[in-house]
>>> print(open('query.cif').read())   # mmCIF, C-alpha atoms
data_run
#
loop_
_atom_site.group_PDB
_atom_site.id
_atom_site.type_symbol
_atom_site.label_atom_id
_atom_site.label_comp_id
_atom_site.auth_asym_id
_atom_site.auth_seq_id
_atom_site.Cartn_x
_atom_site.Cartn_y
_atom_site.Cartn_z
ATOM 1 C CA MET A 281 5.297 -1.147 17.196
ATOM 2 C CA PRO A 282 5.616 -2.459 13.603
ATOM 3 C CA TYR A 283 4.887 -5.921 12.204
ATOM 4 C CA ILE A 284 5.636 -8.496 14.910
ATOM 5 C CA LYS A 285 6.825 -11.878 13.666
ATOM 6 C CA GLU A 286 5.921 -13.587 16.999
ATOM 7 C CA PHE A 287 2.459 -11.984 17.073
ATOM 8 C CA ILE A 288 0.544 -15.284 16.835
ATOM 9 C CA THR A 289 1.324 -17.042 20.100
ATOM 10 C CA GLY A 290 3.767 -19.919 19.748
ATOM 11 C CA ASN A 291 4.674 -19.089 16.140
ATOM 12 C CA THR A 292 7.312 -17.070 14.341
ATOM 13 C CA ILE A 293 6.168 -15.743 10.975
ATOM 14 C CA THR A 294 8.996 -13.871 9.310
ATOM 15 C CA LEU A 295 8.508 -11.327 6.558
ATOM 16 C CA PRO A 296 8.712 -12.745 3.028
ATOM 17 C CA ALA A 297 12.238 -13.200 1.739
ATOM 18 C CA ILE A 298 13.213 -11.261 -1.396
ATOM 19 C CA GLU A 299 15.802 -13.283 -3.259
ATOM 20 C CA GLY A 300 17.827 -13.407 -6.467
ATOM 21 C CA ASP A 301 17.614 -10.503 -8.908
ATOM 22 C CA LEU A 302 14.726 -9.005 -6.958
ATOM 23 C CA LYS A 303 17.172 -7.991 -4.231
ATOM 24 C CA ASN A 304 18.600 -5.343 -6.559
ATOM 25 C CA LYS A 305 15.183 -3.672 -6.740
ATOM 26 C CA ILE A 306 14.734 -3.141 -2.986
ATOM 27 C CA ALA A 307 14.509 0.504 -1.932
ATOM 28 C CA PRO A 308 16.874 1.311 0.962
ATOM 29 C CA LEU A 309 15.929 3.339 4.004
ATOM 30 C CA LEU A 310 17.184 6.905 4.172
ATOM 31 C CA SER A 311 18.952 6.110 7.435
ATOM 32 C CA GLY A 312 20.943 2.986 8.185
ATOM 33 C CA ASN A 313 21.480 -0.110 6.080
ATOM 34 C CA GLY A 314 18.008 -1.625 6.261
ATOM 35 C CA HIS A 315 15.053 -1.694 3.878
ATOM 36 C CA VAL A 316 12.004 -2.570 6.029
ATOM 37 C CA ILE A 317 9.841 0.526 6.567
ATOM 38 C CA ASP A 318 8.308 0.146 10.011
ATOM 39 C CA TYR A 319 4.994 1.768 10.905
ATOM 40 C CA ALA A 320 2.572 1.143 13.760
ATOM 41 C CA HIS A 321 1.130 -2.382 13.393
ATOM 42 C CA HIS A 322 2.507 -2.879 9.873
ATOM 43 C CA SER A 323 5.719 -2.866 7.844
ATOM 44 C CA VAL A 324 6.445 -2.262 4.151
ATOM 45 C CA VAL A 325 9.242 -3.051 1.700
ATOM 46 C CA LEU A 326 9.399 -0.998 -1.509
ATOM 47 C CA ASN A 327 10.407 -1.898 -5.045
ATOM 48 C CA LYS A 328 12.448 1.123 -6.151
ATOM 49 C CA GLN A 329 12.010 0.412 -9.873
ATOM 50 C CA ARG A 330 8.217 0.121 -9.818
ATOM 51 C CA LYS A 331 7.876 2.690 -6.990
ATOM 52 C CA LEU A 332 5.361 0.401 -5.308
ATOM 53 C CA ALA A 333 5.646 -2.070 -2.452
ATOM 54 C CA PHE A 334 7.007 -5.590 -2.687
ATOM 55 C CA TYR A 335 4.607 -6.235 0.173
ATOM 56 C CA SER A 336 2.851 -4.677 3.160
ATOM 57 C CA ALA A 337 2.595 -6.889 6.253
ATOM 58 C CA SER A 338 0.295 -6.310 9.230
ATOM 59 C CA ASN A 339 -0.857 -7.862 12.489
ATOM 60 C CA ILE A 340 -4.523 -7.865 13.555
ATOM 61 C CA ASP A 341 -5.678 -8.449 17.134
ATOM 62 C CA GLY A 342 -9.329 -9.461 17.000
ATOM 63 C CA LYS A 343 -9.811 -9.100 20.763
ATOM 64 C CA THR A 344 -8.994 -5.381 20.920
ATOM 65 C CA TRP A 345 -9.959 -4.328 17.372
ATOM 66 C CA LYS A 346 -12.540 -1.565 17.034
ATOM 67 C CA ALA A 347 -13.829 -0.161 13.747
ATOM 68 C CA ILE A 348 -13.881 3.545 13.040
ATOM 69 C CA ASP A 349 -14.525 5.632 9.950
ATOM 70 C CA ARG A 350 -11.604 7.695 8.818
ATOM 71 C CA SER A 351 -10.770 9.648 5.701
ATOM 72 C CA GLY A 352 -7.461 11.146 4.794
ATOM 73 C CA ASP A 353 -5.081 12.069 2.041
ATOM 74 C CA PHE A 354 -2.113 9.965 1.071
ATOM 75 C CA VAL A 355 1.296 11.641 1.251
ATOM 76 C CA LYS A 356 4.778 10.526 0.372
ATOM 77 C CA ASP A 357 6.930 9.370 3.267
ATOM 78 C CA ASP A 358 9.993 11.604 3.022
ATOM 79 C CA LYS A 359 11.373 10.686 6.442
ATOM 80 C CA LEU A 360 12.019 6.965 6.127
ATOM 81 C CA VAL A 361 12.510 6.363 2.389
ATOM 82 C CA SER A 362 13.224 8.510 -0.660
ATOM 83 C CA PRO A 363 10.105 10.040 -2.271
ATOM 84 C CA ASP A 364 11.717 9.162 -5.618
ATOM 85 C CA PHE A 365 10.797 5.529 -4.917
ATOM 86 C CA GLN A 366 7.085 6.262 -4.374
ATOM 87 C CA LEU A 367 4.312 6.859 -6.908
ATOM 88 C CA GLY A 368 2.107 9.692 -5.671
ATOM 89 C CA LYS A 369 -0.397 12.315 -6.761
ATOM 90 C CA GLU A 370 1.374 12.696 -10.084
ATOM 91 C CA LEU A 371 -0.150 9.332 -11.047
ATOM 92 C CA TYR A 372 -3.492 9.350 -9.248
ATOM 93 C CA ASP A 373 -4.456 12.830 -10.414
ATOM 94 C CA ALA A 374 -3.452 12.178 -14.024
ATOM 95 C CA ILE A 375 -6.896 11.697 -15.590
ATOM 96 C CA LYS A 376 -8.608 14.186 -13.280
ATOM 97 C CA ALA A 377 -6.072 16.799 -14.364
ATOM 98 C CA LYS A 378 -7.424 16.497 -17.918
ATOM 99 C CA GLY A 379 -10.906 17.362 -16.710
ATOM 100 C CA THR A 380 -12.607 15.118 -19.282
ATOM 101 C CA ARG A 381 -13.519 12.027 -17.265
ATOM 102 C CA PRO A 382 -13.441 10.669 -13.712
ATOM 103 C CA ASN A 383 -10.352 8.869 -12.543
ATOM 104 C CA ASP A 384 -10.474 5.191 -13.465
ATOM 105 C CA PHE A 385 -8.688 4.040 -10.371
ATOM 106 C CA GLU A 386 -8.397 4.988 -6.744
ATOM 107 C CA GLN A 387 -5.609 5.174 -4.222
ATOM 108 C CA GLY A 388 -5.913 1.682 -2.827
ATOM 109 C CA HIS A 389 -4.618 0.842 0.631
ATOM 110 C CA LEU A 390 -2.436 -2.255 0.765
ATOM 111 C CA THR A 391 -2.689 -2.714 4.523
ATOM 112 C CA SER A 392 -6.168 -1.325 5.174
ATOM 113 C CA PHE A 393 -6.338 1.351 7.853
ATOM 114 C CA GLN A 394 -9.169 -0.679 9.374
ATOM 115 C CA GLU A 395 -6.905 -3.695 9.875
ATOM 116 C CA VAL A 396 -4.586 -1.877 12.245
ATOM 117 C CA LEU A 397 -7.274 -0.450 14.566
ATOM 118 C CA TRP A 398 -6.439 -2.458 17.662
ATOM 119 C CA GLY A 399 -4.717 -1.858 20.971
ATOM 120 C CA LYS A 400 -4.941 1.340 23.008
ATOM 121 C CA ALA A 401 -6.672 4.350 21.429
ATOM 122 C CA ALA A 402 -3.523 6.406 20.828
ATOM 123 C CA GLU A 403 -1.716 3.438 19.319
ATOM 124 C CA SER A 404 -4.692 2.598 17.109
ATOM 125 C CA LYS A 405 -4.974 6.176 15.841
ATOM 126 C CA LYS A 406 -1.255 6.336 15.069
ATOM 127 C CA ALA A 407 -1.474 3.060 13.174
ATOM 128 C CA ALA A 408 -4.428 4.291 11.096
ATOM 129 C CA ASN A 409 -2.663 7.546 10.231
ATOM 130 C CA GLU A 410 0.472 5.712 9.114
ATOM 131 C CA THR A 411 -1.413 3.646 6.543
ATOM 132 C CA PHE A 412 -1.902 6.860 4.537
ATOM 133 C CA PHE A 413 1.602 6.930 3.078
ATOM 134 C CA TYR A 414 2.106 6.197 -0.611
ATOM 135 C CA THR A 415 4.465 3.426 0.475
ATOM 136 C CA ASN A 416 1.276 1.555 1.457
ATOM 137 C CA CYS A 417 -0.707 2.438 -1.666
ATOM 138 C CA ALA A 418 -1.307 1.081 -5.166
ATOM 139 C CA PRO A 419 -3.599 2.106 -8.051
ATOM 140 C CA GLN A 420 -6.752 0.012 -7.857
ATOM 141 C CA HIS A 421 -9.917 0.193 -9.942
ATOM 142 C CA GLU A 422 -12.742 1.573 -7.829
ATOM 143 C CA ARG A 423 -14.860 -1.546 -8.446
ATOM 144 C CA VAL A 424 -12.133 -3.493 -6.655
ATOM 145 C CA ASN A 425 -10.961 -0.959 -4.087
ATOM 146 C CA SER A 426 -14.490 -0.055 -2.924
ATOM 147 C CA GLY A 427 -16.085 -3.361 -3.833
ATOM 148 C CA LEU A 428 -14.961 -6.965 -3.840
ATOM 149 C CA TRP A 429 -11.446 -6.591 -2.416
ATOM 150 C CA ARG A 430 -12.936 -4.457 0.325
ATOM 151 C CA SER A 431 -15.517 -7.152 1.032
ATOM 152 C CA LEU A 432 -12.721 -9.661 1.529
ATOM 153 C CA GLU A 433 -10.989 -7.304 3.985
ATOM 154 C CA GLN A 434 -14.304 -6.850 5.765
ATOM 155 C CA TYR A 435 -14.793 -10.606 5.959
ATOM 156 C CA VAL A 436 -11.321 -11.194 7.391
ATOM 157 C CA LEU A 437 -11.948 -8.628 10.112
ATOM 158 C CA LYS A 438 -15.611 -8.832 11.057
ATOM 159 C CA THR A 439 -16.638 -12.394 10.345
ATOM 160 C CA GLU A 440 -13.548 -14.251 11.462
ATOM 161 C CA THR A 441 -10.796 -12.324 13.255
ATOM 162 C CA VAL A 442 -12.969 -10.196 15.551
ATOM 163 C CA LYS A 443 -15.776 -12.740 15.966
ATOM 164 C CA HIS A 444 -13.361 -15.411 17.178
ATOM 165 C CA GLY A 445 -10.897 -13.081 18.919
ATOM 166 C CA LEU A 446 -8.073 -14.287 16.700
ATOM 167 C CA LYS A 447 -4.598 -12.949 16.186
ATOM 168 C CA VAL A 448 -3.917 -12.880 12.459
ATOM 169 C CA ASN A 449 -1.044 -11.826 10.193
ATOM 170 C CA VAL A 450 -1.837 -10.437 6.748
ATOM 171 C CA ILE A 451 0.691 -9.922 3.943
ATOM 172 C CA THR A 452 -0.572 -8.234 0.789
ATOM 173 C CA ASP A 453 0.465 -6.404 -2.365
ATOM 174 C CA PRO A 454 -0.097 -6.032 -6.079
ATOM 175 C CA LEU A 455 1.728 -8.562 -8.215
ATOM 176 C CA LEU A 456 4.550 -6.592 -9.854
ATOM 177 C CA SER A 457 4.936 -8.349 -13.191
ATOM 178 C CA ASP A 458 7.179 -7.419 -16.104
ATOM 179 C CA LYS A 459 4.115 -8.088 -18.277
ATOM 180 C CA ASP A 460 1.984 -5.386 -16.626
ATOM 181 C CA PRO A 461 0.446 -2.835 -19.031
ATOM 182 C CA TYR A 462 1.454 0.837 -19.219
ATOM 183 C CA TYR A 463 -0.584 3.698 -17.918
ATOM 184 C CA ILE A 464 -2.031 5.475 -20.965
ATOM 185 C CA GLU A 465 0.010 8.631 -20.405
ATOM 186 C CA LYS A 466 3.571 9.302 -19.443
ATOM 187 C CA ILE A 467 3.908 10.647 -15.923
ATOM 188 C CA ASN A 468 6.589 13.305 -15.626
ATOM 189 C CA GLY A 469 8.100 11.927 -18.813
ATOM 190 C CA GLU A 470 8.184 8.304 -17.595
ATOM 191 C CA PHE A 471 6.393 5.163 -18.738
ATOM 192 C CA ILE A 472 4.535 3.786 -15.705
ATOM 193 C CA LYS A 473 3.414 0.158 -15.480
ATOM 194 C CA ILE A 474 0.159 -0.476 -13.639
ATOM 195 C CA PRO A 475 -0.141 -3.750 -11.675
ATOM 196 C CA CYS A 476 -3.175 -5.822 -12.617
ATOM 197 C CA VAL A 477 -3.348 -8.477 -9.914
ATOM 198 C CA PHE A 478 -3.625 -8.117 -6.145
ATOM 199 C CA TRP A 479 -2.806 -10.860 -3.676
ATOM 200 C CA LYS A 480 -3.230 -11.498 0.019
ATOM 201 C CA VAL A 481 -1.748 -14.202 2.261
ATOM 202 C CA ILE A 482 -3.336 -14.674 5.685
ATOM 203 C CA TYR A 483 -1.811 -16.621 8.570
ATOM 204 C CA TYR A 484 -4.144 -17.777 11.346
ATOM 205 C CA PRO A 485 -4.150 -20.338 14.178
ATOM 206 C CA ASN A 486 -6.653 -23.082 14.897
ATOM 207 C CA ALA A 487 -6.717 -26.416 16.703
ATOM 208 C CA ASN A 488 -4.577 -27.949 13.975
ATOM 209 C CA GLY A 489 -1.809 -25.386 14.366
ATOM 210 C CA LEU A 490 -0.727 -22.515 12.121
ATOM 211 C CA ASN A 491 -2.470 -22.129 8.755
ATOM 212 C CA ALA A 492 -2.037 -19.928 5.710
ATOM 213 C CA VAL A 493 -4.399 -19.187 2.833
ATOM 214 C CA GLY A 494 -4.150 -16.978 -0.238
ATOM 215 C CA PHE A 495 -6.404 -14.819 -2.379
ATOM 216 C CA MET A 496 -5.938 -13.055 -5.694
ATOM 217 C CA MET A 497 -8.043 -10.594 -7.684
ATOM 218 C CA SER A 498 -7.438 -8.856 -11.015
ATOM 219 C CA HIS A 499 -8.731 -5.574 -12.444
ATOM 220 C CA LYS A 500 -6.959 -5.833 -15.795
ATOM 221 C CA GLN A 501 -10.082 -6.072 -17.941
ATOM 222 C CA LEU A 502 -11.725 -3.172 -16.108
ATOM 223 C CA LEU A 503 -8.710 -0.939 -16.770
ATOM 224 C CA LEU A 504 -8.518 -2.015 -20.419
ATOM 225 C CA GLN A 505 -12.240 -1.350 -20.901
ATOM 226 C CA ASP A 506 -11.845 2.127 -19.414
ATOM 227 C CA GLY A 507 -8.836 2.923 -21.566
ATOM 228 C CA THR A 508 -6.635 3.519 -18.538
ATOM 229 C CA VAL A 509 -3.850 1.161 -19.613
ATOM 230 C CA THR A 510 -2.334 -0.248 -22.781
ATOM 231 C CA PHE A 511 0.056 -3.067 -23.556
ATOM 232 C CA LYS A 512 1.528 -1.110 -26.483
ATOM 233 C CA LYS A 513 4.198 1.376 -25.539
ATOM 234 C CA SER A 514 3.457 3.237 -28.771
ATOM 235 C CA ASP A 515 -0.081 3.976 -27.529
ATOM 236 C CA VAL A 516 1.123 5.877 -24.486
ATOM 237 C CA LYS A 517 0.576 9.605 -24.909
ATOM 238 C CA THR A 518 3.834 11.475 -24.787
ATOM 239 C CA GLU A 519 2.906 14.868 -23.380
ATOM 240 C CA MET A 520 4.068 15.489 -19.846
ATOM 241 C CA LEU A 521 1.417 16.104 -17.228
ATOM 242 C CA THR A 522 1.886 19.420 -15.536
ATOM 243 C CA LYS A 523 -1.248 19.581 -13.312
ATOM 244 C CA ASP A 524 -1.954 18.534 -10.558
ATOM 245 C CA ALA A 525 -9.397 -26.773 14.126
ATOM 246 C CA GLU A 526 -12.127 -24.425 13.089
ATOM 247 C CA ASP A 527 -11.405 -23.434 9.572
ATOM 248 C CA PHE A 528 -12.277 -19.857 10.351
ATOM 249 C CA PHE A 529 -11.750 -18.547 6.872
ATOM 250 C CA MET A 530 -13.515 -21.280 4.946
ATOM 251 C CA ASP A 531 -16.926 -19.600 4.551
ATOM 252 C CA TYR A 532 -16.227 -16.804 2.072
ATOM 253 C CA LYS A 533 -18.856 -16.990 -0.678
ATOM 254 C CA TYR A 534 -16.421 -15.661 -3.269
ATOM 255 C CA ASP A 535 -13.904 -18.420 -2.622
ATOM 256 C CA SER A 536 -14.565 -20.157 -5.924
ATOM 257 C CA VAL A 537 -13.565 -16.970 -7.691
ATOM 258 C CA TYR A 538 -10.693 -15.569 -5.683
ATOM 259 C CA GLN A 539 -9.047 -18.139 -3.423
ATOM 260 C CA VAL A 540 -5.760 -19.594 -4.666
ATOM 261 C CA LYS A 541 -2.920 -21.700 -3.341
ATOM 262 C CA VAL A 542 -0.340 -19.824 -1.296
ATOM 263 C CA GLU A 543 2.305 -21.696 -3.266
ATOM 264 C CA PHE A 544 0.950 -20.128 -6.474
ATOM 265 C CA ILE A 545 1.279 -16.622 -5.035
ATOM 266 C CA GLN A 546 4.829 -17.462 -4.013
ATOM 267 C CA GLN A 547 5.601 -18.707 -7.512
ATOM 268 C CA GLU A 548 4.150 -15.663 -9.253
ATOM 269 C CA THR A 549 5.611 -12.986 -6.957
ATOM 270 C CA GLY A 550 9.053 -14.497 -6.541
ATOM 271 C CA LEU A 551 8.761 -13.891 -2.802
ATOM 272 C CA LYS A 552 9.496 -16.682 -0.352
ATOM 273 C CA PHE A 553 6.877 -16.964 2.384
ATOM 274 C CA MET A 554 7.441 -18.614 5.748
ATOM 275 C CA LEU A 555 5.701 -21.941 5.182
ATOM 276 C CA LYS A 556 7.654 -24.335 7.408
ATOM 277 C CA ASN A 557 5.270 -26.271 9.665
ATOM 278 C CA VAL A 558 2.347 -24.281 8.222
ATOM 279 C CA ASN A 559 -0.876 -26.011 7.119
ATOM 280 C CA LEU A 560 -2.032 -24.989 3.635
ATOM 281 C CA PRO A 561 -5.674 -26.135 3.568
ATOM 282 C CA PHE A 562 -6.644 -24.731 0.161
ATOM 283 C CA GLN A 563 -5.067 -26.988 -2.477
ATOM 284 C CA SER A 564 -7.216 -26.643 -5.597
ATOM 285 C CA GLU A 565 -5.224 -27.443 -8.728
ATOM 286 C CA GLU A 566 -5.774 -25.186 -11.734
ATOM 287 C CA LYS A 567 -3.906 -24.310 -14.870
ATOM 288 C CA LYS A 568 -2.299 -20.893 -14.709
ATOM 289 C CA ASP A 569 -4.185 -19.396 -17.657
ATOM 290 C CA MET A 570 -7.542 -20.609 -16.326
ATOM 291 C CA LEU A 571 -6.815 -19.255 -12.858
ATOM 292 C CA TYR A 572 -6.039 -15.784 -14.163
ATOM 293 C CA LYS A 573 -9.296 -15.755 -16.115
ATOM 294 C CA ARG A 574 -11.180 -16.824 -13.002
ATOM 295 C CA ILE A 575 -9.868 -14.069 -10.738
ATOM 296 C CA GLU A 576 -10.777 -11.280 -13.163
ATOM 297 C CA VAL A 577 -13.278 -8.847 -11.597
ATOM 298 C CA MET A 578 -16.348 -8.042 -13.654
ATOM 299 C CA ARG A 579 -18.085 -4.673 -13.645
ATOM 300 C CA THR A 580 -20.664 -4.587 -10.839
ATOM 301 C CA GLU A 581 -22.137 -1.989 -8.539
ATOM 302 C CA SER A 582 -19.929 -1.088 -5.609
ATOM 303 C CA THR A 583 -21.121 -0.292 -2.110
ATOM 304 C CA THR A 584 -21.560 3.240 -0.840
ATOM 305 C CA LYS A 585 -21.657 2.419 2.858
ATOM 306 C CA SER A 586 -18.677 3.107 5.054
ATOM 307 C CA PHE A 587 -16.575 0.196 6.238
ATOM 308 C CA ALA A 588 -17.663 0.646 9.851
ATOM 309 C CA GLU A 589 -21.363 0.790 8.889
ATOM 310 C CA GLN A 590 -21.382 -2.174 6.524
ATOM 311 C CA GLU A 591 -23.034 -5.329 7.788
ATOM 312 C CA MET A 592 -21.831 -8.732 6.686
ATOM 313 C CA ASP A 593 -24.663 -10.029 4.520
ATOM 314 C CA PHE A 594 -22.782 -13.022 3.139
ATOM 315 C CA LYS A 595 -20.673 -15.978 4.116
ATOM 316 C CA ILE A 596 -17.492 -17.074 2.443
ATOM 317 C CA LEU A 597 -17.734 -20.748 1.611
ATOM 318 C CA ASN A 598 -14.739 -23.033 1.990
ATOM 319 C CA ILE A 599 -12.286 -20.264 2.695
ATOM 320 C CA GLN A 600 -9.292 -21.367 4.629
ATOM 321 C CA LEU A 601 -7.615 -18.699 6.667
#
>>> encode(input="query.cif", output="structure tokens")
Amino acid sequence: MPYIKEFITGNTITLPAIEGDLKNKIAPLLSGNGHVIDYAHHSVVLNKQRKLAFYSASNIDGKTWKAIDRSGDFVKDDKLVSPDFQLGKELYDAIKAKGTRPNDFEQGHLTSFQEVLWGKAAESKKAANETFFYTNCAPQHERVNSGLWRSLEQYVLKTETVKHGLKVNVITDPLLSDKDPYYIEKINGEFIKIPCVFWKVIYYPNANGLNAVGFMMSHKQLLLQDGTVTFKKSDVKTEMLTKDAEDFFMDYKYDSVYQVKVEFIQQETGLKFMLKNVNLPFQSEEKKDMLYKRIEVMRTESTTKSFAEQEMDFKILNIQL
């Protein structure tokens, strides 16, 4: 069963609306007239120009969720949507194929495979497996993918959703901006823009009704420091690669760095979220340029423990989810 809009009892949370000129960028399904790619416990809509998702939306059931460790390889989904609309190994193996330095970024899950591990065992396993399609993937610096963004995902699951037995909806993606920098090399003869900012909108219930909060994080400076991206098209190397009532989410300690207004995410993405009769508890006002400086991730040590083994050694202050 894919993303369920009535998942949170008594509420209907529709997928974000894609309007205006963005409609022309939606990748169609291979069969039928639709565009929503349905997987177990989550659904995805692709941007055919950027070959990345507009968003990935999931449901989490805290009462039946159970963590497991799982590793796997991403593959293109050639059954539901054209592989031509998906970035794959041709991008992620680009630097490794040169053999001169480690890859600067990892294959980052949008909907984490850990988020969908709820329900009966067979259903949970199917859901985890189906997060390993490139439709649900974006290039993410390892300091983000294995570090701070992962800690936020861990917080949402372990400290709030599972602890309180909540049902939660999560919608997430990279921000696909026309101002994104280019990957330093052409991939199969194409200029590829790399998204710099990642966002997450979380819907959750409490005694006051339905709530939604937002988070953003940027790895732009990390990628620029590593020489992975450039804003100058002329710098891109031209050779073609041939190789391979309780505010449950108000205690996140990184809130002062990463929490943002849901309305700001809506403004920046161009997506229209379901916000009717939804409480938006985080309402900090900031200038756009200052906010983007604040959400930039600095270079720090990332964890080596598996997701299932990690213990929550922090609280997230004033997070509203």
>>> resolve_selection(input="query.cif", expression="the PyMOL selection byres ((chain A and resi 561) around 8)", output="list of chain:residue names")
A:Asn491, A:Ala492, A:Val493, A:Asn559, A:Leu560, A:Phe562, A:Gln563, A:Gln600
>>> write_last_selection(input="query.cif", atoms="C-alpha atoms", output="PDB file, in the frame of the given file")
ATOM      1  CA  ASN A 491      -2.470 -22.129   8.755  1.00  0.00           C
ATOM      2  CA  ALA A 492      -2.037 -19.928   5.710  1.00  0.00           C
ATOM      3  CA  VAL A 493      -4.399 -19.187   2.833  1.00  0.00           C
ATOM      4  CA  ASN A 559      -0.876 -26.011   7.119  1.00  0.00           C
ATOM      5  CA  LEU A 560      -2.032 -24.989   3.635  1.00  0.00           C
ATOM      6  CA  PHE A 562      -6.644 -24.731   0.161  1.00  0.00           C
ATOM      7  CA  GLN A 563      -5.067 -26.988  -2.477  1.00  0.00           C
ATOM      8  CA  GLN A 600      -9.292 -21.367   4.629  1.00  0.00           C
TER       9      GLN A 600
END
>>> closest_residue(input="query.cif", among="A:His322, A:Arg350, A:Lys473, A:Arg423", to="A:Val516", atoms="all atoms listed in the file")
A:Lys473
>>> axis_aligned_box(input="query.cif", around="stretch 487-495 of chain A", padding_each_side="8 Å", output="AutoDock Vina command-line options")
--center_x -3.7 --center_y -21.4 --center_z 7.2 --size_x 22.0 --size_y 29.1 --size_z 35.1
>>> closest_residue(input="query.cif", among="A:Thr452, A:Asn339, A:Gln420, A:Ser426", to="A:Ser498", atoms="only C-alpha atoms")
A:Gln420
>>> closest_atom_pairs(input="query.cif", of="stretch 478-528 of chain A", to="stretch 386-394 of chain A", cutoff="10 Å", atoms="all atoms listed in the file", output="JSON lines")
{"residue": "A:Phe478", "atom": "CA", "partner": "A:Leu390", "partner_atom": "CA", "distance": 9.1}
{"residue": "A:Trp479", "atom": "CA", "partner": "A:Leu390", "partner_atom": "CA", "distance": 9.7}
{"residue": "A:Lys480", "atom": "CA", "partner": "A:Leu390", "partner_atom": "CA", "distance": 9.3}
>>> resolve_selection(input="query.cif", expression="the PyMOL selection byres ((chain A and resi 416) around 12)", output="count of residues only")
46
>>> resolve_selection(input="query.cif", expression="the PyMOL selection byres ((chain A and resi 398) around 6)", output="compact mmCIF listing (two decimals) with C-alpha atoms, keeping the file's coordinate frame")
# COMPACT_ATOMS: atom_id res chain seq x y z
CA THR A 344 -8.99 -5.38 20.92
CA TRP A 345 -9.96 -4.33 17.37
CA VAL A 396 -4.59 -1.88 12.24
CA LEU A 397 -7.27 -0.45 14.57
CA GLY A 399 -4.72 -1.86 20.97
CA SER A 404 -4.69 2.60 17.11
